[in-house]
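> Supplied structure: coords-v2.txt, compact mmCIF, C-alpha atoms and all ligand atoms.
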# COMPACT_ATOMS: atom_id res chain seq x y z
CA MET A 160 143.15 148.58 126.02
CA GLU A 161 143.62 144.84 126.29
CA ARG A 162 141.41 142.98 123.83
CA LYS A 163 139.38 139.92 124.71
CA ASP A 164 139.75 136.91 122.42
CA LEU A 165 136.30 136.12 121.03
CA LEU A 166 135.28 133.02 119.08
CA HIS A 167 132.00 133.15 117.15
CA LEU A 168 130.91 129.52 116.81
CA ILE A 169 128.44 129.24 113.92
CA SER A 170 126.39 126.19 112.98
CA ALA A 171 123.48 125.44 110.66
CA ASP A 172 122.40 122.68 113.06
CA PRO A 173 119.82 123.27 115.82
CA GLN A 174 122.61 123.19 118.43
CA VAL A 175 126.33 123.89 118.42
CA SER A 176 128.52 121.13 119.81
CA PRO A 177 129.54 121.39 123.50
CA PHE A 178 132.71 119.54 122.45
CA ASP A 179 133.81 122.57 120.42
CA VAL A 180 132.68 125.05 123.10
CA ASN A 181 134.75 123.26 125.76
CA MET A 182 137.80 122.94 123.54
CA ALA A 183 137.67 126.61 122.58
CA TYR A 184 137.58 127.76 126.22
CA ASP A 185 140.40 125.34 127.03
CA ALA A 186 142.42 126.87 124.16
CA GLY A 187 142.17 130.19 125.99
CA PHE A 188 139.33 132.10 124.30
CA ASP A 189 137.77 134.60 126.70
CA ALA A 190 134.31 134.04 125.25
CA VAL A 191 132.77 131.53 122.86
CA ILE A 192 129.52 132.79 121.36
CA PRO A 193 127.25 130.12 119.85
CA TYR A 194 124.96 130.76 116.85
CA SER A 195 122.80 127.77 115.91
CA GLY A 196 120.33 127.21 113.08
CA VAL A 197 122.20 129.71 110.87
CA SER A 198 121.15 129.58 107.22
CA GLU A 199 123.60 130.06 104.37
CA LYS A 200 121.96 133.45 103.65
CA GLU A 201 122.42 134.61 107.25
CA PHE A 202 126.05 133.52 107.47
CA VAL A 203 127.98 136.33 105.71
CA PRO A 204 126.07 139.17 107.43
CA LEU A 205 126.97 137.55 110.76
CA VAL A 206 130.64 137.34 109.76
CA GLN A 207 130.60 140.97 108.62
CA ASP A 208 129.14 142.12 111.94
CA ALA A 209 131.96 140.27 113.69
CA MET A 210 134.56 141.80 111.31
CA PHE A 211 133.71 145.49 111.51
CA SER A 212 132.57 146.02 115.07
CA ARG A 213 135.98 146.00 116.76
CA GLY A 214 138.17 147.82 114.25
CA PRO A 215 141.35 146.37 112.68
CA ARG A 216 142.98 145.64 116.04
CA GLY A 217 139.86 143.97 117.35
CA ALA A 218 139.78 141.81 114.20
CA GLN A 219 143.08 140.32 115.35
CA HIS A 220 141.27 139.04 118.43
CA THR A 221 138.09 137.83 116.73
CA ALA A 222 137.78 134.41 115.10
CA ILE A 223 135.06 132.33 113.41
CA PHE A 224 134.51 128.59 113.91
CA ILE A 225 132.13 126.83 111.50
CA GLY A 226 130.54 123.69 112.94
CA GLY A 227 127.35 121.89 111.90
CA SER A 228 127.06 118.48 110.33
CA SER A 229 127.04 119.11 106.58
CA LEU A 230 130.29 118.70 104.71
CA SER A 231 129.25 120.74 101.65
CA LEU A 232 127.48 123.50 103.57
CA SER A 233 130.32 124.00 106.05
CA LEU A 234 132.86 124.26 103.21
CA ARG A 235 130.60 126.71 101.32
CA MET A 236 130.41 128.81 104.48
CA LEU A 237 134.20 128.71 104.78
CA GLU A 238 134.56 129.92 101.20
CA ALA A 239 131.96 132.67 101.74
CA ALA A 240 133.81 133.84 104.87
CA ARG A 241 137.13 133.80 103.04
CA LYS A 242 135.68 135.91 100.20
CA SER A 243 134.14 138.44 102.58
CA PHE A 244 137.47 139.29 104.28
CA PHE A 245 139.67 142.15 103.12
CA ASP A 246 142.54 144.04 104.69
CA PRO A 247 142.68 145.12 107.44
CA PHE A 248 139.49 143.32 108.49
CA ARG A 249 140.66 139.74 108.17
CA LEU A 250 139.50 137.23 110.78
CA SER A 251 140.93 133.79 111.40
CA VAL A 252 138.46 131.04 110.53
CA MET A 253 138.29 127.29 111.10
CA VAL A 254 135.82 124.68 109.86
CA ASP A 255 135.28 121.34 111.61
CA PRO A 256 131.73 119.96 111.27
CA ARG A 257 131.02 117.68 114.24
CA GLY A 258 134.77 117.22 114.63
CA ALA A 259 134.92 115.26 111.40
CA PHE A 260 137.71 117.22 109.70
CA THR A 261 140.13 116.99 112.60
CA THR A 262 139.16 113.31 113.05
CA ALA A 263 139.77 112.50 109.37
CA ALA A 264 143.01 114.49 109.47
CA ALA A 265 144.25 112.58 112.53
CA LEU A 266 143.14 109.25 111.04
CA VAL A 267 145.00 109.75 107.75
CA ALA A 268 148.08 111.21 109.48
CA LYS A 269 148.20 108.17 111.81
CA VAL A 270 147.82 105.58 109.03
CA ARG A 271 150.35 107.42 106.88
CA LYS A 272 152.91 107.21 109.68
CA ALA A 273 152.04 103.59 110.53
CA SER A 274 152.35 102.68 106.84
CA LYS A 275 155.87 104.11 106.88
CA ASP A 276 156.73 102.40 110.17
CA HIS A 277 155.48 98.97 109.08
CA GLY A 278 156.97 98.39 105.66
CA LEU A 279 154.46 100.06 103.32
CA GLY A 280 156.52 103.21 102.78
CA GLY A 281 153.58 105.60 103.31
CA LEU A 282 150.33 106.02 101.39
CA LYS A 283 151.69 106.87 97.94
CA GLY A 284 150.59 104.17 95.49
CA ARG A 285 148.86 102.18 98.26
CA ARG A 286 145.33 100.84 98.04
CA VAL A 287 143.11 102.22 100.80
CA ALA A 288 139.62 100.90 101.62
CA VAL A 289 137.34 103.28 103.52
CA LEU A 290 134.69 100.91 104.90
CA GLY A 291 131.38 102.49 105.91
CA GLY A 292 132.76 105.63 104.32
CA THR A 293 129.73 107.78 103.49
CA GLY A 294 129.81 109.78 106.75
CA THR A 295 131.77 113.03 106.93
CA VAL A 296 134.82 111.35 108.48
CA GLY A 297 134.97 108.71 105.72
CA ARG A 298 134.49 111.20 102.87
CA VAL A 299 137.19 113.57 104.08
CA ALA A 300 139.58 110.72 104.98
CA ALA A 301 139.15 109.37 101.44
CA ALA A 302 139.97 112.79 99.94
CA LEU A 303 143.05 113.27 102.14
CA ALA A 304 144.33 109.77 101.33
CA VAL A 305 143.99 110.43 97.58
CA ARG A 306 145.92 113.67 98.02
CA GLU A 307 148.67 111.57 99.61
CA GLY A 308 148.81 109.50 96.43
CA ALA A 309 146.68 106.52 97.48
CA GLN A 310 144.12 104.66 95.35
CA VAL A 311 140.97 104.76 97.43
CA VAL A 312 137.70 102.81 97.46
CA LEU A 313 134.81 104.01 99.64
CA THR A 314 131.87 101.80 100.60
CA SER A 315 128.23 102.08 101.51
CA ARG A 316 125.60 99.40 101.95
CA ARG A 317 124.00 100.90 98.83
CA LEU A 318 126.00 101.50 95.67
CA GLU A 319 124.05 104.74 95.05
CA GLY A 320 125.08 105.91 98.54
CA ALA A 321 128.73 105.28 97.80
CA GLN A 322 128.39 106.95 94.39
CA GLU A 323 126.78 110.06 95.90
CA ALA A 324 129.64 110.26 98.43
CA VAL A 325 132.43 109.97 95.87
CA ASP A 326 130.66 112.51 93.63
CA GLU A 327 130.57 114.98 96.52
CA VAL A 328 134.23 114.29 97.35
CA ARG A 329 135.22 114.88 93.71
CA GLY A 330 133.20 118.11 93.59
CA LEU A 331 134.65 119.49 96.81
CA PHE A 332 138.23 118.24 96.72
CA GLY A 333 138.82 117.35 93.06
CA THR A 334 139.88 113.84 94.06
CA GLN A 335 138.90 110.55 92.38
CA VAL A 336 137.63 107.82 94.70
CA GLU A 337 136.05 104.52 93.64
CA ALA A 338 132.53 103.77 94.90
CA ARG A 339 131.81 100.19 96.08
CA GLN A 340 128.80 98.48 97.59
CA ALA A 341 129.54 96.54 100.79
CA GLY A 342 127.09 95.44 103.44
CA SER A 343 128.24 92.01 104.61
CA GLU A 344 131.24 90.68 106.49
CA GLU A 345 132.18 88.68 103.40
CA VAL A 346 132.38 91.76 101.17
CA PHE A 347 134.17 93.89 103.83
CA ALA A 348 136.74 91.09 104.21
CA LYS A 349 137.26 90.85 100.45
CA LEU A 350 137.79 94.62 100.13
CA ALA A 351 140.16 94.56 103.11
CA SER A 352 142.17 91.77 101.47
CA GLU A 353 142.50 93.91 98.32
CA ALA A 354 143.81 96.93 100.25
CA GLU A 355 147.00 97.58 102.18
CA VAL A 356 145.33 100.15 104.41
CA VAL A 357 141.81 99.74 105.84
CA LEU A 358 139.89 102.57 107.48
CA ALA A 359 136.75 101.65 109.42
CA THR A 360 134.64 104.82 109.51
CA ALA A 361 131.11 103.50 110.03
CA ALA A 362 128.64 104.71 112.65
CA VAL A 363 129.13 103.86 116.31
CA GLY A 364 128.72 100.24 117.33
CA VAL A 365 128.85 98.79 113.80
CA LYS A 366 131.17 95.79 113.44
CA LEU A 367 132.61 95.62 109.94
CA LEU A 368 135.45 93.08 110.16
CA SER A 369 135.58 89.99 112.36
CA GLN A 370 138.64 88.59 114.11
CA ALA A 371 138.50 85.55 111.78
CA SER A 372 138.73 87.79 108.68
CA LEU A 373 141.54 89.76 110.24
CA GLN A 374 143.59 86.62 110.92
CA LYS A 375 143.39 85.67 107.24
CA LEU A 376 144.49 89.05 105.86
CA GLY A 377 148.27 88.79 106.14
CA GLY A 378 150.60 91.74 105.86
CA PRO A 379 152.05 94.16 105.84
CA ARG A 380 148.75 95.97 106.37
CA VAL A 381 147.55 98.86 108.48
CA VAL A 382 143.98 98.92 109.83
CA ALA A 383 142.37 101.76 111.77
CA ASP A 384 138.99 102.30 113.44
CA VAL A 385 137.37 105.55 114.60
CA ASN A 386 134.36 103.97 116.31
CA ALA A 387 134.94 104.15 120.07
CA VAL A 388 131.61 102.58 121.07
CA PRO A 389 131.54 98.76 121.46
CA PRO A 390 131.38 96.60 119.48
CA ALA A 391 134.50 97.82 117.68
CA GLY A 392 134.37 98.35 113.90
CA ILE A 393 137.35 95.97 113.66
CA GLU A 394 136.99 93.08 116.08
CA GLY A 395 139.97 92.63 118.38
CA LEU A 396 141.35 96.12 117.81
CA LYS A 397 141.60 97.76 121.23
CA PRO A 398 140.80 101.47 121.69
CA HIS A 399 144.40 102.40 122.64
CA ASP A 400 146.18 100.19 120.09
CA ASP A 401 148.74 102.37 118.38
CA GLY A 402 150.56 100.37 115.74
CA THR A 403 150.01 97.10 117.63
CA GLU A 404 150.30 93.88 115.59
CA ILE A 405 146.74 92.56 116.04
CA ALA A 406 147.04 89.69 113.52
CA PRO A 407 150.08 88.39 111.63
CA GLY A 408 151.48 91.38 109.70
CA VAL A 409 148.41 93.53 110.49
CA PHE A 410 149.11 96.69 112.48
CA GLY A 411 146.19 98.39 114.19
CA LEU A 412 145.27 101.91 115.25
CA GLY A 413 142.37 102.08 117.70
CA PRO A 414 139.84 104.92 118.09
CA LEU A 415 141.46 106.41 121.18
CA ALA A 416 144.90 106.49 119.52
CA VAL A 417 143.30 108.39 116.62
CA GLY A 418 141.16 110.42 119.04
CA ASP A 419 144.19 111.55 121.02
CA LEU A 420 145.79 113.05 117.90
CA LYS A 421 142.42 114.53 116.85
CA PHE A 422 142.18 116.23 120.25
CA ARG A 423 145.75 117.58 120.08
CA THR A 424 145.20 118.76 116.50
CA GLU A 425 141.98 120.63 117.33
CA ALA A 426 143.57 122.17 120.43
CA ALA A 427 146.62 123.34 118.46
CA LEU A 428 144.46 124.78 115.66
CA LEU A 429 142.23 126.64 118.11
CA GLY A 430 145.42 128.05 119.64
CA THR A 431 146.46 129.28 116.17
CA LEU A 432 143.08 130.99 115.76
CA ARG A 433 143.95 133.12 118.81
CA ASP A 434 147.34 134.22 117.48
CA PRO A 435 146.99 137.99 116.80
CA ASP A 436 150.05 137.97 114.52
CA GLN A 437 148.59 135.71 111.83
CA ARG A 438 145.22 135.43 110.10
CA VAL A 439 144.59 131.80 109.20
CA VAL A 440 142.03 129.79 107.24
CA ILE A 441 141.85 126.25 108.62
CA ASP A 442 140.31 123.73 106.20
CA PRO A 443 140.68 119.90 106.16
CA GLN A 444 144.07 120.09 104.42
CA ALA A 445 145.40 122.53 107.04
CA ALA A 446 144.11 120.18 109.77
CA PHE A 447 145.90 117.25 108.10
CA GLU A 448 149.16 119.20 107.87
CA ARG A 449 148.93 120.12 111.56
CA ALA A 450 148.14 116.51 112.56
CA THR A 451 151.10 115.29 110.49
CA HIS A 452 153.36 117.91 112.08
CA LEU A 453 152.24 116.92 115.60
CA LEU A 454 153.15 113.29 114.87
CA GLY A 455 156.69 114.38 114.05
N1 LIG B 1 137.53 109.12 117.42
C1 LIG B 1 137.08 110.36 117.27
O1 LIG B 1 137.69 111.33 117.74
C2 LIG B 1 135.80 110.60 116.45
C3 LIG B 1 135.32 111.89 116.17
C4 LIG B 1 134.20 112.03 115.36
C5 LIG B 1 133.58 110.89 114.88
N2 LIG B 1 134.06 109.67 115.23
C6 LIG B 1 133.45 108.42 114.75
O2 LIG B 1 133.59 108.34 113.34
C7 LIG B 1 132.59 107.45 112.86
C8 LIG B 1 131.97 108.05 111.62
O3 LIG B 1 131.24 109.22 111.97
P1 LIG B 1 130.51 110.05 110.82
O4 LIG B 1 129.76 111.13 111.52
O5 LIG B 1 131.46 110.39 109.75
O6 LIG B 1 129.54 109.00 110.13
P2 LIG B 1 128.21 108.26 110.66
O7 LIG B 1 127.06 109.01 110.11
O8 LIG B 1 128.28 108.05 112.12
O9 LIG B 1 128.36 106.85 109.93
C9 LIG B 1 128.16 106.77 108.55
C10 LIG B 1 128.59 105.45 107.97
O10 LIG B 1 128.20 104.34 108.79
C11 LIG B 1 127.68 103.34 107.94
N3 LIG B 1 126.76 102.45 108.66
C12 LIG B 1 125.77 102.80 109.52
N4 LIG B 1 125.15 101.68 109.99
C13 LIG B 1 125.76 100.63 109.37
C14 LIG B 1 125.58 99.21 109.44
N5 LIG B 1 124.65 98.66 110.23
N6 LIG B 1 126.38 98.43 108.69
C15 LIG B 1 127.33 98.97 107.88
N7 LIG B 1 127.56 100.29 107.79
C16 LIG B 1 126.79 101.11 108.54
C17 LIG B 1 126.95 104.13 106.88
O11 LIG B 1 126.77 103.29 105.77
P3 LIG B 1 125.62 103.49 104.68
O12 LIG B 1 126.19 104.42 103.65
O13 LIG B 1 125.43 102.11 104.17
O14 LIG B 1 124.41 104.05 105.38
C18 LIG B 1 127.93 105.26 106.63
O15 LIG B 1 128.90 104.88 105.68
C19 LIG B 1 131.62 107.20 114.02
O16 LIG B 1 131.87 105.93 114.56
C20 LIG B 1 131.95 108.30 114.99
O17 LIG B 1 131.72 107.94 116.33
C21 LIG B 1 135.16 109.51 115.96
Go ahead and express the file in the form of structure tokens.
Ligand SMILES: NC(=O)c1ccc[n+]([C@@H]2O[C@H](COP(=O)([O-])OP(=O)(O)OC[C@H]3O[C@@H](n4cnc5c(N)ncnc54)[C@H](OP(=O)(O)O)[C@@H]3O)[C@@H](O)[C@H]2O)c1

Amino acid sequence: MERKDLLHLISADPQVSPFDVNMAYDAGFDAVIPYSGVSEKEFVPLVQDAMFSRGPRGAQHTAIFIGGSSLSLSLRMLEAARKSFFDPFRLSVMVDPRGAFTTAAALVAKVRKASKDHGLGGLKGRRVAVLGGTGTVGRVAAALAVREGAQVVLTSRRLEGAQEAVDEVRGLFGTQVEARQAGSEEVFAKLASEAEVVLATAAVGVKLLSQASLQKLGGPRVVADVNAVPPAGIEGLKPHDDGTEIAPGVFGLGPLAVGDLKFRTEAALLGTLRDPDQRVVIDPQAAFERATHLLG
């Protein structure tokens, strides 16, 4: 009997994301079953029902995708799923809350490559500023950059906000990030001048760095922005810029250049979830490794 490929898409949020539903169908799943508003207590019983109902061969064609918007909760769910599996009832599982893990993975993979291409030799030993970094994308990007050997500062408009974010990052990833308060153009520009790599990860439509600040930075520097909604987080950086010199010695990566790799990474990972010959656990590090591999 030919087995259907099923993806159980589980989220603690009131709705699952249509972005993930569409991408999963496009990756070839025969059915994508959404579960929203799932509490932590309800999660493992759901996974177990998905594990046992189709027998060992069915398990090879059954996968779990954890969405939602909480970084900590989604990673706790991943760990709980991982612990509940045993041979031969292992399912493949991926976590990507609101696309943030694949976005952060693509962002750090792109800046790592651009840093190599433009005279910085990669991220090892480099200073990285994650501006507006308390969202999920900023937190995970900070952790991935530290794992690549960078010294990272992460900002919020409130110092306590930045401190809470770096505490969570340390707890989840074991990485040390410095918390900084930044809420004005002047402070963002100062932090950018102290870093060789600048990641703009604030909410949509928030301008962090002006063209005038950018012109004064000098290089070599790499700057990247994930906000695709005007105004840009980094003024003058165009959505498709992909290593473009946007000021003397400053090389820019725009949100659509990052978004293109994010899309390819998520598509490739969803394809891996369907592979009956391997059972995989896809966490932010696995997403980063895939994004890096796709860049060549
Ligand atoms: N390109 C892609 O494929 C893709 C995919 C997913 C997400 N994204 C983008 O990634 C970005 C981050 O998303 P997210 O969900 O991680 O975080 P988010 O919740 O959208 O943004 C959080 C950050 O924005 C900062 N912020 C909000 N308003 C601000 C203001 N007026 N001035 C300065 N900072 C401000 C917050 O600072 P405080 O700590 O001070 O509040 C916080 O650090 C968004 O622009 C989103 O659209 C892109």
> Mind listing the residues within 9 Å of ligand LIG 1 (chain B), all atoms listed in the file counted, as a CSV table (one decimal) with C-alpha atoms, in the frame of the given file?

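Writing done, so here's result.csv:
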chain,number,residue,atom,x,y,z
A,228,SER,CA,127.1,118.5,110.3
A,257,ARG,CA,131.0,117.7,114.2
A,258,GLY,CA,134.8,117.2,114.6
A,259,ALA,CA,134.9,115.3,111.4
A,260,PHE,CA,137.7,117.2,109.7
A,261,THR,CA,140.1,117.0,112.6
A,262,THR,CA,139.2,113.3,113.0
A,263,ALA,CA,139.8,112.5,109.4
A,265,ALA,CA,144.2,112.6,112.5
A,266,LEU,CA,143.1,109.2,111.0
A,289,VAL,CA,137.3,103.3,103.5
A,290,LEU,CA,134.7,100.9,104.9
A,291,GLY,CA,131.4,102.5,105.9
A,292,GLY,CA,132.8,105.6,104.3
A,293,THR,CA,129.7,107.8,103.5
A,294,GLY,CA,129.8,109.8,106.8
A,295,THR,CA,131.8,113.0,106.9
A,296,VAL,CA,134.8,111.4,108.5
A,297,GLY,CA,135.0,108.7,105.7
A,298,ARG,CA,134.5,111.2,102.9
A,299,VAL,CA,137.2,113.6,104.1
A,313,LEU,CA,134.8,104.0,99.6
A,314,THR,CA,131.9,101.8,100.6
A,315,SER,CA,128.2,102.1,101.5
A,316,ARG,CA,125.6,99.4,102.0
A,317,ARG,CA,124.0,100.9,98.8
A,318,LEU,CA,126.0,101.5,95.7
A,319,GLU,CA,124.0,104.7,95.0
A,320,GLY,CA,125.1,105.9,98.5
A,321,ALA,CA,128.7,105.3,97.8
A,324,ALA,CA,129.6,110.3,98.4
A,340,GLN,CA,128.8,98.5,97.6
A,341,ALA,CA,129.5,96.5,100.8
A,342,GLY,CA,127.1,95.4,103.4
A,343,SER,CA,128.2,92.0,104.6
A,359,ALA,CA,136.8,101.6,109.4
A,360,THR,CA,134.6,104.8,109.5
A,361,ALA,CA,131.1,103.5,110.0
A,362,ALA,CA,128.6,104.7,112.6
A,363,VAL,CA,129.1,103.9,116.3
A,364,GLY,CA,128.7,100.2,117.3
A,365,VAL,CA,128.8,98.8,113.8
A,366,LYS,CA,131.2,95.8,113.4
A,367,LEU,CA,132.6,95.6,109.9
A,384,ASP,CA,139.0,102.3,113.4
A,385,VAL,CA,137.4,105.6,114.6
A,386,ASN,CA,134.4,104.0,116.3
A,387,ALA,CA,134.9,104.2,120.1
A,388,VAL,CA,131.6,102.6,121.1
A,392,GLY,CA,134.4,98.4,113.9
A,413,GLY,CA,142.4,102.1,117.7
A,414,PRO,CA,139.8,104.9,118.1
A,415,LEU,CA,141.5,106.4,121.2
A,416,ALA,CA,144.9,106.5,119.5
A,417,VAL,CA,143.3,108.4,116.6
A,418,GLY,CA,141.2,110.4,119.0
A,419,ASP,CA,144.2,111.6,121.0
A,420,LEU,CA,145.8,113.0,117.9
A,421,LYS,CA,142.4,114.5,116.8
A,422,PHE,CA,142.2,116.2,120.2
> Enumerate, as a CSV table (one decimal) with C-alpha atoms, in the frame of the given file, the protein, DNA and RNA residues whose atoms approach (137.4, 90.6, 101.9) to within 12 Å, taking into account all atoms listed in the file and the coordinate frame of the file.

chain,number,residue,atom,x,y,z
A,288,ALA,CA,139.6,100.9,101.6
A,290,LEU,CA,134.7,100.9,104.9
A,341,ALA,CA,129.5,96.5,100.8
A,342,GLY,CA,127.1,95.4,103.4
A,343,SER,CA,128.2,92.0,104.6
A,344,GLU,CA,131.2,90.7,106.5
A,345,GLU,CA,132.2,88.7,103.4
A,346,VAL,CA,132.4,91.8,101.2
A,347,PHE,CA,134.2,93.9,103.8
A,348,ALA,CA,136.7,91.1,104.2
A,349,LYS,CA,137.3,90.8,100.4
A,350,LEU,CA,137.8,94.6,100.1
A,351,ALA,CA,140.2,94.6,103.1
A,352,SER,CA,142.2,91.8,101.5
A,353,GLU,CA,142.5,93.9,98.3
A,354,ALA,CA,143.8,96.9,100.2
A,355,GLU,CA,147.0,97.6,102.2
A,357,VAL,CA,141.8,99.7,105.8
A,367,LEU,CA,132.6,95.6,109.9
A,368,LEU,CA,135.4,93.1,110.2
A,369,SER,CA,135.6,90.0,112.4
A,371,ALA,CA,138.5,85.6,111.8
A,372,SER,CA,138.7,87.8,108.7
A,373,LEU,CA,141.5,89.8,110.2
A,374,GLN,CA,143.6,86.6,110.9
A,375,LYS,CA,143.4,85.7,107.2
A,376,LEU,CA,144.5,89.0,105.9
A,377,GLY,CA,148.3,88.8,106.1
> At what distance in Å, to one decimal, does CA of Pro443 in chain A lie from CA of Leu166 in chain A?
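Separating CA of Leu166 in chain A from CA of Pro443 in chain A is a distance of 19.2 Å.
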> Rank nothing, just name the residue among A:Leu429, A:Ala383, A:Ala264, A:His277 nearest to Thr451 in chain A, using only C-alpha atoms.
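For Thr451 in chain A, the nearest of the candidates is A:Ala264.
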> Which residue out of A:Glu394, A:Met182, A:Asp189, A:Val175 has the minimum interatomic distance to Glu161 in chain A when all atoms listed in the file are used?
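Nearest candidate to Glu161 in chain A out of A:Glu394, A:Met182, A:Asp189, A:Val175: A:Asp189.
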> Can you work out which one of A:Leu331, A:Ala450, A:Leu282, A:Ala190 has the shortest atom-to-atom distance to Gln310 in chain A, counting only C-alpha atoms?
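Distance minimum relative to Gln310 in chain A lands on A:Leu282.
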> CA of Glu337 in chain A to CA of Val287 in chain A: how many Å, to one decimal?
10.3 Å
> Using all atoms listed in the file, determine which residues lie at most 8 Å from Thr334 in chain A, disregarding the query and same-chain residues fewer than 6 positions distant; provide the list as a tab-separated table (two decimals) with C-alpha atoms, keeping the file's coordinate frame.

chain	number	residue	atom	x	y	z
A	302	ALA	CA	139.97	112.79	99.94
A	305	VAL	CA	143.99	110.43	97.58
A	306	ARG	CA	145.92	113.67	98.02
A	328	VAL	CA	134.23	114.29	97.35
> How many Å separate CA of Ile169 in chain A from CA of Leu232 in chain A?
11.9 Å
> Quick one: residues within 12 Å of Asn181 in chain A, only C-alpha atoms counted, chain neighbours fewer than 3 positions away excluded, as a VMD selection string?
chain A and resid 166 168 175 to 178 184 to 193 422 425 to 426 429
> Got a sec to write range 192-224 of chain A of the block to a file, C-alpha atoms, as a compact mmCIF listing (two decimals), in the first residue's frame?

# COMPACT_ATOMS: atom_id res chain seq x y z
CA ILE A 192 -3.12 19.01 9.27
CA PRO A 193 -3.23 22.16 11.42
CA TYR A 194 -3.58 22.09 15.23
CA SER A 195 -3.81 25.54 16.81
CA GLY A 196 -4.02 26.68 20.43
CA VAL A 197 -2.16 23.55 21.58
CA SER A 198 -0.94 23.75 25.18
CA GLU A 199 2.36 22.28 26.31
CA LYS A 200 0.41 19.58 28.20
CA GLU A 201 -1.55 18.60 25.08
CA PHE A 202 1.50 18.45 22.83
CA VAL A 203 3.08 15.04 23.61
CA PRO A 204 -0.24 13.12 23.54
CA LEU A 205 -0.84 14.59 20.07
CA VAL A 206 2.63 13.51 18.92
CA GLN A 207 2.08 10.02 20.34
CA ASP A 208 -1.22 9.66 18.49
CA ALA A 209 0.60 10.60 15.29
CA MET A 210 3.44 8.13 16.08
CA PHE A 211 1.51 4.95 16.81
CA SER A 212 -1.48 5.09 14.51
CA ARG A 213 0.26 4.11 11.27
CA GLY A 214 2.76 1.50 12.41
CA PRO A 215 6.54 1.71 11.86
CA ARG A 216 6.22 2.09 8.08
CA GLY A 217 3.60 4.79 8.46
CA ALA A 218 5.93 6.62 10.87
CA GLN A 219 8.34 7.02 7.96
CA HIS A 220 5.65 9.05 6.20
CA THR A 221 4.49 11.10 9.17
CA ALA A 222 6.20 14.31 10.28
CA ILE A 223 5.66 17.04 12.89
CA PHE A 224 6.13 20.78 12.32
